[in-house]
>>> print(open('model-v1.pdb').read())   # PDB, C-alpha atoms
ATOM      1  CA  MET A1320      28.390 132.979  34.480
ATOM      2  CA  SER A1321      25.501 130.545  34.189
ATOM      3  CA  THR A1322      25.108 128.248  31.220
ATOM      4  CA  GLU A1323      21.697 129.774  30.491
ATOM      5  CA  LEU A1324      23.136 133.285  30.403
ATOM      6  CA  ARG A1325      26.150 132.277  28.380
ATOM      7  CA  PHE A1326      24.243 130.493  25.610
ATOM      8  CA  ASN A1327      21.046 132.582  25.545
ATOM      9  CA  PHE A1328      18.973 129.628  24.370
ATOM     10  CA  GLY A1329      16.226 130.600  21.949
ATOM     11  CA  ARG A1330      17.597 134.057  21.241
ATOM     12  CA  THR A1331      18.573 134.649  17.624
ATOM     13  CA  VAL A1332      21.751 136.611  16.937
ATOM     14  CA  GLU A1333      22.851 138.322  13.718
ATOM     15  CA  LEU A1334      26.211 137.003  12.518
ATOM     16  CA  GLY A1335      26.727 139.456   9.656
ATOM     17  CA  SER A1336      26.271 139.388   5.910
ATOM     18  CA  HIS A1337      28.108 138.669   2.687
ATOM     19  CA  GLN A1338      27.520 139.724  -0.911
ATOM     20  CA  PHE A1339      28.026 136.870  -3.372
ATOM     21  CA  MET A1340      29.591 138.301  -6.537
ATOM     22  CA  ALA A1341      29.591 136.365  -9.804
ATOM     23  CA  ASP A1342      33.371 135.887 -10.000
ATOM     24  CA  GLU A1343      33.482 134.538  -6.460
ATOM     25  CA  ILE A1344      30.557 132.176  -7.085
ATOM     26  CA  ILE A1345      32.301 130.834 -10.181
ATOM     27  CA  ALA A1346      35.680 130.515  -8.433
ATOM     28  CA  PHE A1347      34.249 128.516  -5.525
ATOM     29  CA  ALA A1348      32.141 126.287  -7.752
ATOM     30  CA  THR A1349      35.000 125.654 -10.172
ATOM     31  CA  LYS A1350      36.891 124.141  -7.243
ATOM     32  CA  TYR A1351      34.148 122.302  -5.412
ATOM     33  CA  ASP A1352      30.833 122.169  -7.284
ATOM     34  CA  PRO A1353      31.345 122.736 -11.026
ATOM     35  CA  LEU A1354      27.752 122.313 -12.182
ATOM     36  CA  PRO A1355      26.662 124.464 -15.146
ATOM     37  CA  PHE A1356      24.374 126.797 -13.139
ATOM     38  CA  HIS A1357      27.215 127.595 -10.695
ATOM     39  CA  VAL A1358      29.961 128.258 -13.274
ATOM     40  CA  ASP A1359      28.305 129.374 -16.520
ATOM     41  CA  ASP A1360      26.041 132.432 -16.888
ATOM     42  CA  ALA A1361      24.430 131.284 -20.130
ATOM     43  CA  ALA A1362      23.758 127.742 -18.909
ATOM     44  CA  ALA A1363      22.357 129.117 -15.651
ATOM     45  CA  ALA A1364      19.962 131.427 -17.498
ATOM     46  CA  LYS A1365      18.500 128.407 -19.292
ATOM     47  CA  SER A1366      18.181 126.285 -16.106
ATOM     48  CA  ILE A1367      15.143 126.227 -13.811
ATOM     49  CA  LEU A1368      17.135 128.440 -11.411
ATOM     50  CA  GLY A1369      17.078 131.166 -14.064
ATOM     51  CA  GLY A1370      20.483 132.709 -13.398
ATOM     52  CA  LEU A1371      23.974 132.164 -12.041
ATOM     53  CA  CYS A1372      23.671 131.107  -8.404
ATOM     54  CA  ALA A1373      26.007 130.045  -5.624
ATOM     55  CA  SER A1374      26.724 126.435  -4.743
ATOM     56  CA  GLY A1375      24.778 125.474  -1.629
ATOM     57  CA  TRP A1376      28.086 124.650   0.061
ATOM     58  CA  HIS A1377      29.305 128.159  -0.720
ATOM     59  CA  THR A1378      26.246 129.583   1.059
ATOM     60  CA  CYS A1379      26.890 127.263   4.020
ATOM     61  CA  VAL A1380      30.600 127.921   4.496
ATOM     62  CA  TRP A1381      29.921 131.645   4.814
ATOM     63  CA  TRP A1382      27.674 130.824   7.785
ATOM     64  CA  MET A1383      30.620 128.940   9.310
ATOM     65  CA  ARG A1384      33.046 131.778   8.658
ATOM     66  CA  LEU A1385      30.756 134.408  10.181
ATOM     67  CA  ASN A1386      29.826 132.090  13.057
ATOM     68  CA  LEU A1387      33.507 131.715  13.994
ATOM     69  CA  ALA A1388      34.096 135.467  13.761
ATOM     70  CA  TYR A1389      31.122 136.019  16.078
ATOM     71  CA  ARG A1390      32.437 133.383  18.500
ATOM     72  CA  GLN A1391      35.813 135.115  18.654
ATOM     73  CA  VAL A1392      34.184 138.423  19.539
ATOM     74  CA  GLN A1393      32.122 136.714  22.251
ATOM     75  CA  GLU A1394      35.184 134.980  23.694
ATOM     76  CA  ALA A1395      37.064 138.252  23.856
ATOM     77  CA  ARG A1396      34.149 139.830  25.733
ATOM     78  CA  GLN A1397      33.814 136.889  28.108
ATOM     79  CA  GLU A1398      37.478 136.920  29.110
ATOM     80  CA  SER A1399      36.677 139.805  31.412
ATOM     81  CA  MET A1400      33.659 138.039  32.936
ATOM     82  CA  PRO A1401      33.681 135.698  35.929
ATOM     83  CA  GLY A1402      33.740 131.953  35.276
ATOM     84  CA  SER A1403      35.408 129.934  32.567
ATOM     85  CA  PHE A1404      34.303 130.073  28.942
ATOM     86  CA  PRO A1405      33.581 127.012  26.812
ATOM     87  CA  LYS A1406      36.225 125.310  24.710
ATOM     88  CA  TYR A1407      34.820 124.358  21.334
ATOM     89  CA  GLY A1408      35.724 121.040  19.688
ATOM     90  CA  PRO A1409      34.742 119.394  16.410
ATOM     91  CA  SER A1410      31.213 119.024  15.057
ATOM     92  CA  PRO A1411      29.526 115.638  14.665
ATOM     93  CA  GLY A1412      27.466 116.964  11.734
ATOM     94  CA  PHE A1413      24.215 118.725  10.928
ATOM     95  CA  ARG A1414      20.626 117.970   9.988
ATOM     96  CA  ASP A1415      17.758 119.336   7.924
ATOM     97  CA  LEU A1416      19.631 121.548   5.480
ATOM     98  CA  ARG A1417      17.118 123.214   3.163
ATOM     99  CA  PHE A1418      18.004 125.289   0.132
ATOM    100  CA  ILE A1419      14.822 127.333   0.057
ATOM    101  CA  ARG A1420      15.691 129.936  -2.605
ATOM    102  CA  PRO A1421      18.690 130.260  -4.925
ATOM    103  CA  VAL A1422      21.451 132.690  -3.952
ATOM    104  CA  TYR A1423      21.965 134.696  -7.146
ATOM    105  CA  ALA A1424      25.054 136.624  -8.199
ATOM    106  CA  GLY A1425      24.952 140.007  -6.475
ATOM    107  CA  ASP A1426      22.701 138.879  -3.606
ATOM    108  CA  THR A1427      23.654 140.017  -0.127
ATOM    109  CA  ILE A1428      22.933 137.239   2.344
ATOM    110  CA  SER A1429      22.450 137.873   6.070
ATOM    111  CA  TYR A1430      23.228 135.062   8.493
ATOM    112  CA  ARG A1431      21.749 134.230  11.885
ATOM    113  CA  LYS A1432      22.326 131.688  14.660
ATOM    114  CA  THR A1433      20.132 130.481  17.492
ATOM    115  CA  ASN A1434      21.422 128.251  20.275
ATOM    116  CA  VAL A1435      18.719 125.619  20.823
ATOM    117  CA  CYS A1436      19.903 123.285  23.586
ATOM    118  CA  LEU A1437      22.901 121.751  25.295
ATOM    119  CA  ALA A1438      23.218 118.136  26.493
ATOM    120  CA  PRO A1439      26.053 115.947  27.790
ATOM    121  CA  HIS A1440      27.759 113.914  25.056
ATOM    122  CA  SER A1441      26.640 110.283  25.119
ATOM    123  CA  HIS A1442      30.112 108.748  25.409
ATOM    124  CA  ARG A1443      32.707 111.501  25.832
ATOM    125  CA  PRO A1444      32.991 112.417  29.531
ATOM    126  CA  GLY A1445      33.342 116.155  30.068
ATOM    127  CA  TRP A1446      32.015 117.038  26.605
ATOM    128  CA  HIS A1447      28.634 118.485  25.708
ATOM    129  CA  VAL A1448      26.767 118.790  22.412
ATOM    130  CA  LEU A1449      25.352 122.214  21.538
ATOM    131  CA  GLN A1450      22.470 122.145  19.041
ATOM    132  CA  MET A1451      21.911 125.262  16.966
ATOM    133  CA  LEU A1452      19.720 126.648  14.194
ATOM    134  CA  ALA A1453      21.490 128.360  11.293
ATOM    135  CA  GLU A1454      19.545 130.627   8.942
ATOM    136  CA  ALA A1455      20.271 132.865   5.973
ATOM    137  CA  SER A1456      18.105 135.468   4.218
ATOM    138  CA  ASN A1457      18.497 137.651   1.146
ATOM    139  CA  GLU A1458      18.142 141.449   1.042
ATOM    140  CA  SER A1459      14.383 141.129   0.510
ATOM    141  CA  GLY A1460      14.159 139.355   3.854
ATOM    142  CA  VAL A1461      13.322 136.025   2.203
ATOM    143  CA  LYS A1462      14.905 133.028   3.868
ATOM    144  CA  VAL A1463      17.214 131.242   1.411
ATOM    145  CA  MET A1464      18.735 128.504   3.552
ATOM    146  CA  GLU A1465      18.586 126.898   6.983
ATOM    147  CA  PHE A1466      20.159 123.940   8.756
ATOM    148  CA  LYS A1467      20.619 122.536  12.247
ATOM    149  CA  PRO A1468      24.303 122.305  13.145
ATOM    150  CA  SER A1469      25.800 120.869  16.314
ATOM    151  CA  VAL A1470      29.182 121.183  17.962
ATOM    152  CA  LEU A1471      31.054 119.517  20.828
ATOM    153  CA  LEU A1472      32.249 121.715  23.646
ATOM    154  CA  GLN A1473      33.738 121.565  27.128
ATOM    155  CA  LEU A1474      32.154 123.832  29.698
ATOM    156  CA  ASP A1475      34.354 123.909  32.786
ATOM    157  CA  ARG A1476      38.057 123.734  32.386
TER     158      ARG A1476
ATOM    159  CA  MET B 398      41.817 127.685  -9.924
ATOM    160  CA  ASP B 399      43.179 124.206 -10.662
ATOM    161  CA  ARG B 400      44.029 122.234  -7.604
ATOM    162  CA  ASP B 401      47.559 120.886  -7.444
ATOM    163  CA  VAL B 402      46.362 117.796  -5.608
ATOM    164  CA  PRO B 403      47.195 114.471  -7.201
ATOM    165  CA  GLN B 404      44.031 112.650  -8.055
ATOM    166  CA  VAL B 405      43.066 109.384  -9.598
ATOM    167  CA  ARG B 406      39.857 109.670 -11.533
ATOM    168  CA  HIS B 407      38.045 106.882 -13.156
ATOM    169  CA  PRO B 408      37.844 107.491 -16.893
ATOM    170  CA  GLU B 409      34.586 108.808 -18.258
ATOM    171  CA  GLY B 410      32.128 105.967 -18.646
ATOM    172  CA  ALA B 411      33.901 103.659 -16.207
ATOM    173  CA  CYS B 412      32.876 105.041 -12.831
ATOM    174  CA  LEU B 413      29.958 102.700 -12.251
ATOM    175  CA  GLU B 414      30.386  99.411 -10.494
ATOM    176  CA  GLY B 415      29.759  96.741 -13.086
ATOM    177  CA  ALA B 416      31.385  97.719 -16.360
ATOM    178  CA  ALA B 417      28.262  97.332 -18.472
ATOM    179  CA  ALA B 418      26.254  99.990 -16.633
ATOM    180  CA  PRO B 419      26.168 103.445 -18.243
ATOM    181  CA  ILE B 420      26.701 106.670 -16.307
ATOM    182  CA  PRO B 421      23.305 107.936 -15.152
ATOM    183  CA  ARG B 422      22.372 111.138 -16.996
ATOM    184  CA  SER B 423      18.687 111.767 -16.427
ATOM    185  CA  PHE B 424      16.076 110.774 -13.866
ATOM    186  CA  GLU B 425      15.190 107.485 -15.584
ATOM    187  CA  ASP B 426      18.777 106.214 -15.269
ATOM    188  CA  PHE B 427      18.752 106.166 -11.458
ATOM    189  CA  ALA B 428      17.632 102.965  -9.761
ATOM    190  CA  VAL B 429      17.266 102.362  -6.038
ATOM    191  CA  GLY B 430      20.268 100.441  -4.726
ATOM    192  CA  MET B 431      22.586 101.565  -7.528
ATOM    193  CA  ARG B 432      26.087 102.274  -6.253
ATOM    194  CA  ILE B 433      28.427 104.578  -8.087
ATOM    195  CA  ASP B 434      32.173 104.491  -7.462
ATOM    196  CA  LEU B 435      33.449 108.080  -7.433
ATOM    197  CA  GLY B 436      37.173 107.364  -7.548
ATOM    198  CA  THR B 437      39.885 108.556  -5.182
ATOM    199  CA  TRP B 438      41.086 111.850  -3.694
ATOM    200  CA  ARG B 439      44.338 112.247  -1.758
ATOM    201  CA  ILE B 440      44.008 115.193   0.595
ATOM    202  CA  SER B 441      47.075 117.309   1.324
ATOM    203  CA  ALA B 442      47.977 119.457   4.327
ATOM    204  CA  GLU B 443      48.230 122.455   1.995
ATOM    205  CA  GLU B 444      44.664 122.213   0.732
ATOM    206  CA  ILE B 445      43.317 121.584   4.261
ATOM    207  CA  ILE B 446      44.987 124.761   5.507
ATOM    208  CA  GLU B 447      43.996 126.792   2.433
ATOM    209  CA  PHE B 448      40.302 125.932   2.838
ATOM    210  CA  ALA B 449      40.350 126.439   6.610
ATOM    211  CA  ARG B 450      42.005 129.861   6.353
ATOM    212  CA  GLU B 451      39.136 131.072   4.222
ATOM    213  CA  PHE B 452      36.097 129.432   5.801
ATOM    214  CA  ASP B 453      36.846 127.501   9.018
ATOM    215  CA  PRO B 454      39.908 128.991  10.721
ATOM    216  CA  GLN B 455      40.034 126.791  13.822
ATOM    217  CA  PRO B 456      43.392 125.581  15.201
ATOM    218  CA  MET B 457      42.803 121.866  14.423
ATOM    219  CA  HIS B 458      42.329 122.732  10.723
ATOM    220  CA  LEU B 459      45.288 125.137  10.517
ATOM    221  CA  ASP B 460      48.095 123.748  12.654
ATOM    222  CA  PRO B 461      49.400 120.142  12.882
ATOM    223  CA  VAL B 462      50.414 120.594  16.544
ATOM    224  CA  ALA B 463      47.017 121.959  17.567
ATOM    225  CA  GLY B 464      45.351 119.231  15.483
ATOM    226  CA  ALA B 465      47.347 116.503  17.234
ATOM    227  CA  ALA B 466      46.314 117.888  20.628
ATOM    228  CA  SER B 467      42.622 118.006  19.650
ATOM    229  CA  LEU B 468      40.013 115.241  19.615
ATOM    230  CA  LEU B 469      40.776 114.850  15.897
ATOM    231  CA  GLY B 470      44.346 113.623  16.494
ATOM    232  CA  GLY B 471      46.139 115.457  13.674
ATOM    233  CA  LEU B 472      45.833 118.206  11.076
ATOM    234  CA  ALA B 473      42.230 117.554  10.082
ATOM    235  CA  ALA B 474      40.130 118.893   7.237
ATOM    236  CA  SER B 475      37.156 121.087   8.061
ATOM    237  CA  GLY B 476      34.030 118.980   7.783
ATOM    238  CA  TRP B 477      32.781 121.537   5.265
ATOM    239  CA  HIS B 478      35.910 120.937   3.210
ATOM    240  CA  SER B 479      35.393 117.169   3.186
ATOM    241  CA  CYS B 480      31.806 117.728   1.990
ATOM    242  CA  CYS B 481      33.048 120.053  -0.747
ATOM    243  CA  ILE B 482      35.589 117.442  -1.898
ATOM    244  CA  LEU B 483      32.925 114.747  -1.930
ATOM    245  CA  THR B 484      30.642 117.047  -3.940
ATOM    246  CA  ARG B 485      33.423 117.683  -6.474
ATOM    247  CA  MET B 486      33.897 113.905  -6.848
ATOM    248  CA  VAL B 487      30.148 113.438  -7.399
ATOM    249  CA  ASP B 488      30.045 116.284  -9.942
ATOM    250  CA  ASP B 489      33.049 114.956 -11.859
ATOM    251  CA  CYS B 490      31.858 111.372 -11.898
ATOM    252  CA  PHE B 491      28.299 111.844 -13.074
ATOM    253  CA  LEU B 492      26.426 114.940 -11.960
ATOM    254  CA  ARG B 493      27.940 117.608 -14.236
ATOM    255  CA  ASN B 494      27.056 115.630 -17.348
ATOM    256  CA  SER B 495      23.545 114.846 -16.141
ATOM    257  CA  SER B 496      20.206 116.647 -16.389
ATOM    258  CA  VAL B 497      20.580 117.923 -12.801
ATOM    259  CA  GLN B 498      18.499 121.046 -12.107
ATOM    260  CA  ALA B 499      19.189 121.813  -8.440
ATOM    261  CA  GLY B 500      19.772 120.358  -5.002
ATOM    262  CA  ALA B 501      16.867 120.757  -2.589
ATOM    263  CA  GLY B 502      18.756 120.072   0.613
ATOM    264  CA  ILE B 503      20.491 117.560   2.828
ATOM    265  CA  ASN B 504      18.753 115.414   5.418
ATOM    266  CA  ARG B 505      21.814 114.671   7.477
ATOM    267  CA  THR B 506      25.561 115.150   7.258
ATOM    268  CA  ARG B 507      27.696 113.075   9.569
ATOM    269  CA  TRP B 508      31.374 113.725  10.179
ATOM    270  CA  ARG B 509      32.064 110.248  11.498
ATOM    271  CA  ARG B 510      35.857 110.188  11.601
ATOM    272  CA  PRO B 511      38.520 112.843  11.129
ATOM    273  CA  VAL B 512      39.851 113.380   7.602
ATOM    274  CA  LEU B 513      43.577 113.893   8.160
ATOM    275  CA  ALA B 514      46.292 115.350   5.934
ATOM    276  CA  GLY B 515      47.635 112.627   3.623
ATOM    277  CA  ASP B 516      44.514 110.477   3.791
ATOM    278  CA  THR B 517      43.437 108.721   0.609
ATOM    279  CA  LEU B 518      39.674 108.991   0.292
ATOM    280  CA  ASP B 519      37.429 106.744  -1.763
ATOM    281  CA  GLY B 520      34.030 108.153  -2.694
ATOM    282  CA  GLN B 521      30.810 106.288  -3.254
ATOM    283  CA  THR B 522      27.235 107.304  -4.046
ATOM    284  CA  GLU B 523      24.238 105.088  -3.356
ATOM    285  CA  ILE B 524      20.736 105.733  -4.728
ATOM    286  CA  LEU B 525      18.188 105.528  -1.897
ATOM    287  CA  HIS B 526      14.905 106.665  -3.433
ATOM    288  CA  THR B 527      13.453 108.029  -6.665
ATOM    289  CA  ARG B 528      10.112 109.633  -7.451
ATOM    290  CA  VAL B 529       8.488 112.003  -9.920
ATOM    291  CA  SER B 530       7.724 115.486  -8.590
ATOM    292  CA  ARG B 531       4.045 115.911  -7.715
ATOM    293  CA  THR B 532       3.983 119.607  -8.489
ATOM    294  CA  ARG B 533       6.309 119.581 -11.521
ATOM    295  CA  PRO B 534       5.918 116.294 -13.392
ATOM    296  CA  GLU B 535       8.733 117.214 -15.776
ATOM    297  CA  LEU B 536      11.120 116.769 -12.829
ATOM    298  CA  GLY B 537      12.300 113.656 -11.028
ATOM    299  CA  LEU B 538      13.619 113.681  -7.452
ATOM    300  CA  VAL B 539      16.477 111.379  -6.485
ATOM    301  CA  THR B 540      17.580 110.818  -2.883
ATOM    302  CA  MET B 541      21.248 109.872  -2.778
ATOM    303  CA  ILE B 542      23.753 109.231  -0.007
ATOM    304  CA  HIS B 543      27.374 110.143  -0.657
ATOM    305  CA  ARG B 544      30.188 108.652   1.402
ATOM    306  CA  LEU B 545      33.934 109.070   1.847
ATOM    307  CA  PHE B 546      35.999 106.152   3.135
ATOM    308  CA  ASN B 547      39.616 106.504   4.276
ATOM    309  CA  GLN B 548      42.507 104.193   3.363
ATOM    310  CA  ARG B 549      41.533 101.869   6.242
ATOM    311  CA  LYS B 550      38.083 101.488   4.633
ATOM    312  CA  GLU B 551      36.541 103.385   7.561
ATOM    313  CA  LEU B 552      33.559 105.603   6.836
ATOM    314  CA  ALA B 553      34.696 109.177   7.448
ATOM    315  CA  VAL B 554      31.953 111.401   6.002
ATOM    316  CA  GLU B 555      28.454 110.889   4.682
ATOM    317  CA  PHE B 556      25.552 113.071   3.631
ATOM    318  CA  ASP B 557      22.223 112.287   2.017
ATOM    319  CA  GLY B 558      20.053 114.687   0.108
ATOM    320  CA  LEU B 559      17.490 115.274  -2.573
ATOM    321  CA  THR B 560      18.593 116.210  -6.092
ATOM    322  CA  MET B 561      16.286 117.279  -8.944
ATOM    323  CA  PHE B 562      16.710 116.049 -12.514
ATOM    324  CA  THR B 563      14.663 116.610 -15.647
ATOM    325  CA  ARG B 564      13.016 113.568 -17.126
ATOM    326  CA  ARG B 565      13.626 112.425 -20.665
ATOM    327  CA  ALA B 566      11.357 113.929 -23.298
ATOM    328  CA  GLY B 567       8.388 111.690 -23.910
ATOM    329  CA  SER B 568       8.465 110.196 -20.420
ATOM    330  CA  LEU B 569       5.671 112.406 -19.104
TER     331      LEU B 569
END
>>> encode(input="model-v1.pdb", output="structure tokens")
Amino acid sequence: MSTELRFNFGRTVELGSHQFMADEIIAFATKYDPLPFHVDDAAAAKSILGGLCASGWHTCVWWMRLNLAYRQVQEARQESMPGSFPKYGPSPGFRDLRFIRPVYAGDTISYRKTNVCLAPHSHRPGWHVLQMLAEASNESGVKVMEFKPSVLLQLDR
Amino acid sequence: MDRDVPQVRHPEGACLEGAAAPIPRSFEDFAVGMRIDLGTWRISAEEIIEFAREFDPQPMHLDPVAGAASLLGGLAASGWHSCCILTRMVDDCFLRNSSVQAGAGINRTRWRRPVLAGDTLDGQTEILHTRVSRTRPELGLVTMIHRLFNQRKELAVEFDGLTMFTRRAGSL
């Protein structure tokens, strides 16, 4: 299977969605981001955000969770196809994370991924860097968040 | 909800380098070049696995043997987890008692070195830039970079982003 076919560069795929309930927003933020507008309804109502909303990290980690679930489905499909499938490694980081709109309690957020390009890693022989675009929208179709993640992978094993 | 991870936190009012400096609370308190010591976090295998099971279930974050065989060289925290820990340290040290209104985003997050089970992480925030919002003059925008160093003083994680604060009354 060609690299172009396997990664479908430029084609956006739906990863799935998640509804952020108030108790879950508060539980996550109590552990990792205990600011008033993530843990306290009354304080959030008085803030410029206007209501209880999810920590930005909470919104991001659901992209990661759904991205991995999607990858597992793809790997299972590709096992029956000719050629080897990529082995994913760690990520060096991401760029350009924008929190465009708050994710409010009760919002259902849909996540997407687009593979952008693949290039050999600068100093790890055999490894490549895959650049992606990650996006999330609420049920009104308004984009709430985007960022540009990357991940190391090995193509031919 | 409480983590069972041993932590050393600097007492309230003592987390700034230079004992005389107060904890920044509103936009006017942030000055370019200011460095804020966030204290220390010792990361356990249990919390690495707990986070990874929920959000980043890859073998190197779940299993010490798979971690040792990976590029990361041991049971390693999800990069998302290390960012969440760093955020908690920032919140506890100064952000939760400040006039913070929202985070606008992050320019770049770099996972420079693996964060491994048992590592002792020191956090630090540096103020890179401050300006008043053009569209909402009651708000000030502060660009900060947050960093985690391991026990060998190596930079493991860093991210920089824009955070919005209200300005003090009368400063308009």
>>> closest_atom_pairs(input="model-v1.pdb", of="chain B", to="chain A", cutoff="7 Å", atoms="only C-alpha atoms", output="Markdown table")
| residue | atom | partner | partner_atom | distance |
| --- | --- | --- | --- | --- |
| B:Met398 | CA | A:Lys1350 | CA | 6.6 |
| B:Phe452 | CA | A:Arg1384 | CA | 4.8 |
| B:Asp453 | CA | A:Arg1384 | CA | 5.7 |
| B:Trp477 | CA | A:Val1380 | CA | 6.8 |
| B:Cys481 | CA | A:Tyr1351 | CA | 5.3 |
| B:Ile482 | CA | A:Tyr1351 | CA | 6.2 |
| B:Thr484 | CA | A:Asp1352 | CA | 6.1 |
| B:Arg485 | CA | A:Tyr1351 | CA | 4.8 |
| B:Asp488 | CA | A:Asp1352 | CA | 6.5 |
| B:Arg493 | CA | A:Leu1354 | CA | 5.1 |
| B:Gln498 | CA | A:Ile1367 | CA | 6.4 |
| B:Ala501 | CA | A:Phe1418 | CA | 5.4 |
| B:Gly502 | CA | A:Arg1417 | CA | 4.4 |
| B:Ile503 | CA | A:Leu1416 | CA | 4.9 |
| B:Asn504 | CA | A:Asp1415 | CA | 4.8 |
| B:Arg505 | CA | A:Arg1414 | CA | 4.3 |
| B:Thr506 | CA | A:Gly1412 | CA | 5.2 |
| B:Arg507 | CA | A:Gly1412 | CA | 4.5 |
| B:Trp508 | CA | A:Pro1411 | CA | 5.2 |
| B:Arg509 | CA | A:Pro1411 | CA | 6.7 |
>>> atom_distance(input="model-v1.pdb", atom1="CA of Val1448 in chain A", atom2="CA of Gly476 in chain B")
16.3 Å
>>> closest_residue(input="model-v1.pdb", among="A:Val1358, A:Leu1471, A:Arg1396, A:Asp1342", to="His1442 in chain A", atoms="all atoms listed in the file")
A:Leu1471
>>> atom_distance(input="model-v1.pdb", atom1="CA of Met457 in chain B", atom2="CA of Ser1321 in chain A")
27.7 Å
>>> atom_distance(input="model-v1.pdb", atom1="CA of Leu459 in chain B", atom2="CA of Glu1343 in chain A")
22.7 Å
>>> residues_near_point(input="model-v1.pdb", point="(25.9, 136.9, -5.2)", cutoff="10 Å", atoms="only C-alpha atoms", output="list in words")
His1337, Gln1338, Phe1339, Met1340, Ala1341, Asp1342, Glu1343, Ile1344, Leu1371, Cys1372, Ala1373, Thr1378, Pro1421, Val1422, Tyr1423, Ala1424, Gly1425, Asp1426, Thr1427, Ile1428 and Asn1457 of chain A
>>> resolve_selection(input="model-v1.pdb", expression="the PyMOL selection byres ((chain B and resi 521-533) around 9)", output="ChimeraX atom specification")
/B:424,427-436,483,486-487,519-520,534-546,557,561,564
